[in-house]
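Below is one structure, written out as structure tokens, with a few remarks after it.
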Amino acid sequence: MGEKVTYQNITATVRPPRCAIFINGQSQYWNVAADGAIAKASEVWGGRHFLIIPTDGVSIADKFWELLEVYSPDHLAVFNLTFSDLEVADPKQFKVTKKRHKESWDSDGHPAGRFEEFFSDGAAQSRIDDFAISDDLGKELIRRLSPFHRNRVIRGNLTTKNGFGFPFTKIAKIISASTRRIGLVRLAPKIDDLTLRLLVHSETGVTREDHYAEAGLVARSLPDSYGILDVLKYIGGSGFTPTPIQDEEPMLDADFLPNTPFGLSMLHLGQYYRADRHMDYKEPVVLVLGDTVEDFCFYYSLSRLHEGVKWLPLKWLRACTKALNERRVNLEKGQELRVLSLRENAARALINLAYELIDFGHHEKRIQLCSVSLKRKQLVAYRAQVARCAYFAASQVSARIDCVPIESVSTSCILRVFESNNYVNHRSMVFVDGESVSPFDTPSVKNFSEVRLGQHYWLTSLRIEGYQPPSLPSLGPQIVSVYNSTGESRVAEDGIVYQCPNSMIFGNELDAVLVRPKIVMPDEMGLFASYFKDADVTVKYSDKGKYFMDALRRFGGLDELGRFIKSPKTRNVLDKFAWTKKQAKAIQLSETPGERGSVISLNESADERRSYLNLNAFTLSMGSEEAAASLVDDLVGKRIIERGYIFRCERCDASAWYGFDSLSNEFVCVRCDLRQQFTVGHWKEPALPHWYYRLAETVRLFYVHNSHLTALALYSLKTGSENAFHFVPEMDLVGFPGSSGKREMDIACIRDGEVIFGECKTEPLQIKDVVKFKTLREMNVTPPTRIVFATTRPVSDAFTVEAHKLGNAEILNEADLMDF
């Protein structure tokens, strides 16, 4: 068999790495940990779009798993609180503890002048809890997210003192090579209130004033005269513009956000939504209500994935509502009105900001009020408070607020970050048997005056036209092998990603160290072999799968096969080929003369237990002789059917079909081997014999074994594909747990990188049909995105309930799959 040569269009994108930072969701000081994570993210290229995820180290809540899976992080990190963080988190305890250590230091006779250094170093290294990611959770993170891991899932252990290292790029190292003039670095003012600090820092980032000193830049905080409420309104996206303060720097002006730590972390980076999914004119503004670590982290992480996400602390809402009620009572009594506190005013500002972002309710946009810590019934009750705290009429605001459970908040439209003007680098490559002939020409960053080797790192993301493998831990190195490393490439949601310019730098010439890998595209069976590899399950085509693949080859692909079976006219042709002798005999006895003799079923021998059709049978199905003749020509040309005659032997009386290729003016009986000349005595009527058409054996077996239902289900799934669709029908899983050697998987496909499995039945689905997929979810494999059950029979309520317990099951019935 010759080598298969293909030409593939490849698009390469240059982008910074994505990272999810885990914090201890059980810590009473979670707000300080979150602020510390923000500070560390502020220091690296692309850090503004890192996620912060709460966990106890053993499990992660479902909605945060959803965020992680759509975000597809390249790296995972953990932020640990140390004793030095208590200076902010619990100043009283910090002071008492420091005093005790000072007394012990002095009593031991140590030099008094060295205590501060000793205590500071010790406090920065002493963790205040045992927070860590468990081995089991680490394995699950690798299975479900496939990050760069090298068998070690956490690539960053962060503290207030220790930040990100390789392979992250520190902004302070590359900022002086920027082609954009930076000027003064802007920092938010000092904020004592920890909640308010999180709100501001989530927009501006935060770092030390001396952080950019090595780059020759000066960083200064906003003067207190602006007022933190003004800052909150401005950075939140309100149209509010504070009055400039003369002769004071930095200003709260148009240059403020671009020159904050988070603004600088986006240096020469752009962001985009997929145009077919982003509809800004009607996408809601999400307002997360609550005081817990989960509420803040959900707001923070979702706001990295989509604009128009805000956080409203519940304590602030309650305080604001209480204050406004008191003011109303005092106003009725003619008493002096108390001035609202900073928190109370901040709550009003946040609510009105959300209302501004939906254009004051003039168009389709609405506010989605949601919470991780509150149930929907509670949200409905708080909606009235939210509306009353607005500057506008409460009824007007309330009418634009929808209370939704956290599960319903959409993550389907997310933004991606890439280097500006470096998103589309087209290449066309030649592949032989799935392997590129030449190395890939890796693009480099292009918006800096120089690429500082050993300091500036990026990722190259490849999208291969028509080829989108799933995100599996073992697949990245198979597709893009970087010096045979197992940890420098991965399959992400947005493509196949590899580390650049190189993990080891020698010399100072970019061209000499820039990795240029060859690319290998495993076929469908190879992709599923990788999927089941860690579960010690091997895959192969079943006999039905072999019939399916040959039928697919003859028809010319899944689209052609699916359309043929979906249409009632052409499906009726296949039905006739599958008729038994009893069904064919019933037609022979039909009172409709036109149907008699159109289908003949023979069963004299095992090889001849099948039905044959003449042109009239095709005509009755297709509606006209012209359409029938056209279909016959097409099917004969594709070797789906063959022409031949049906003769009866003059010696043994056996009737059989004889292909045109085996005939001259004689035929040899299939039973008794008598060679005889065919004459009018060898057929009944008419005076001349009909052509009878025989269906290719593999296609007949494909149909009589009901694999056509699998084809219809796959065809239906493929219609929902946007980029690539890969499938292996009727696959045997050898070594599947709980089975006697193997289990069959009717549907196994990868749609736009998502793994889908399924079961097809022409008889009623039973609860036992769910067991295989329950076992699959418990195996050491990446959980499938969807599980599909396809059937031509009614589905019982009991089965529907059991299937939906899988969490991601879908049932396709006859009406979903076929035209009638």
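Every chain in the structure tokens has a letter given in the order shown (A, B, ...), and although residue numbers restart at 1 in each chain, ligands are simply numbered from 1 in the order shown.
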Write out as a short mmCIF file (atom, residue, chain, number, x, y, z; two decimals) with C-alpha atoms, in the first residue's frame all residues of range 338-584 of chain A that DSSP puts in strand (DSSP E or B) for this structure's backbone.
```
data_model
loop_
_atom_site.label_atom_id
_atom_site.label_comp_id
_atom_site.auth_asym_id
_atom_site.auth_seq_id
_atom_site.Cartn_x
_atom_site.Cartn_y
_atom_site.Cartn_z
CA ILE A 367 -28.21 41.81 34.67
CA GLN A 368 -27.75 38.23 35.85
CA LEU A 369 -27.71 38.10 39.64
CA CYS A 370 -26.00 34.91 40.79
CA ILE A 401 -32.43 41.69 36.82
CA ASP A 402 -32.66 37.92 36.38
CA CYS A 403 -31.86 35.66 39.33
CA LEU A 415 -11.94 35.52 25.37
CA ARG A 416 -8.42 34.45 24.51
CA VAL A 417 -5.19 36.41 24.91
CA PHE A 418 -2.41 36.50 22.32
CA GLU A 419 0.41 38.77 21.23
CA ASN A 425 0.62 32.91 11.06
CA HIS A 426 -0.36 30.66 8.17
CA ARG A 427 1.76 27.74 7.03
CA SER A 428 1.05 24.98 4.50
CA MET A 429 2.88 21.71 5.15
CA VAL A 430 3.24 18.37 3.44
CA PHE A 431 2.47 15.25 5.50
CA VAL A 432 3.28 11.67 4.60
CA GLU A 435 3.97 13.01 9.68
CA SER A 436 5.27 16.35 8.44
CA PHE A 448 9.60 44.02 21.30
CA TRP A 458 6.13 32.35 25.09
CA LEU A 459 3.92 29.56 23.78
CA THR A 460 3.18 28.73 20.17
CA SER A 461 -0.32 27.37 19.62
CA LEU A 462 -1.02 25.40 16.42
CA ARG A 463 -4.38 24.79 14.82
CA ILE A 464 -4.33 22.21 12.03
CA TYR A 467 -7.66 18.13 12.78
CA VAL A 480 4.76 17.94 18.75
CA SER A 489 4.03 20.36 24.56
CA ARG A 490 0.35 19.81 25.28
CA VAL A 491 -3.04 19.78 23.59
CA ALA A 492 -5.00 22.79 24.84
CA GLY A 495 -4.67 24.09 19.77
CA ILE A 496 -1.46 22.09 20.14
CA VAL A 497 0.89 24.18 22.29
CA TYR A 498 4.63 24.05 22.82
CA GLN A 499 7.16 26.02 24.85
CA CYS A 500 9.33 28.62 23.10
CA ILE A 519 4.45 17.41 13.61
CA VAL A 520 2.76 14.02 13.75
CA THR A 538 -6.57 -1.31 24.13
CA VAL A 539 -8.80 -0.52 21.19
CA LYS A 540 -9.51 -2.18 17.86
CA TYR A 541 -12.25 -2.34 15.26
#
```
Length of the CA of Tyr299 in chain A to CA of Asn162 in chain A vector [Å]: 25.5 Å
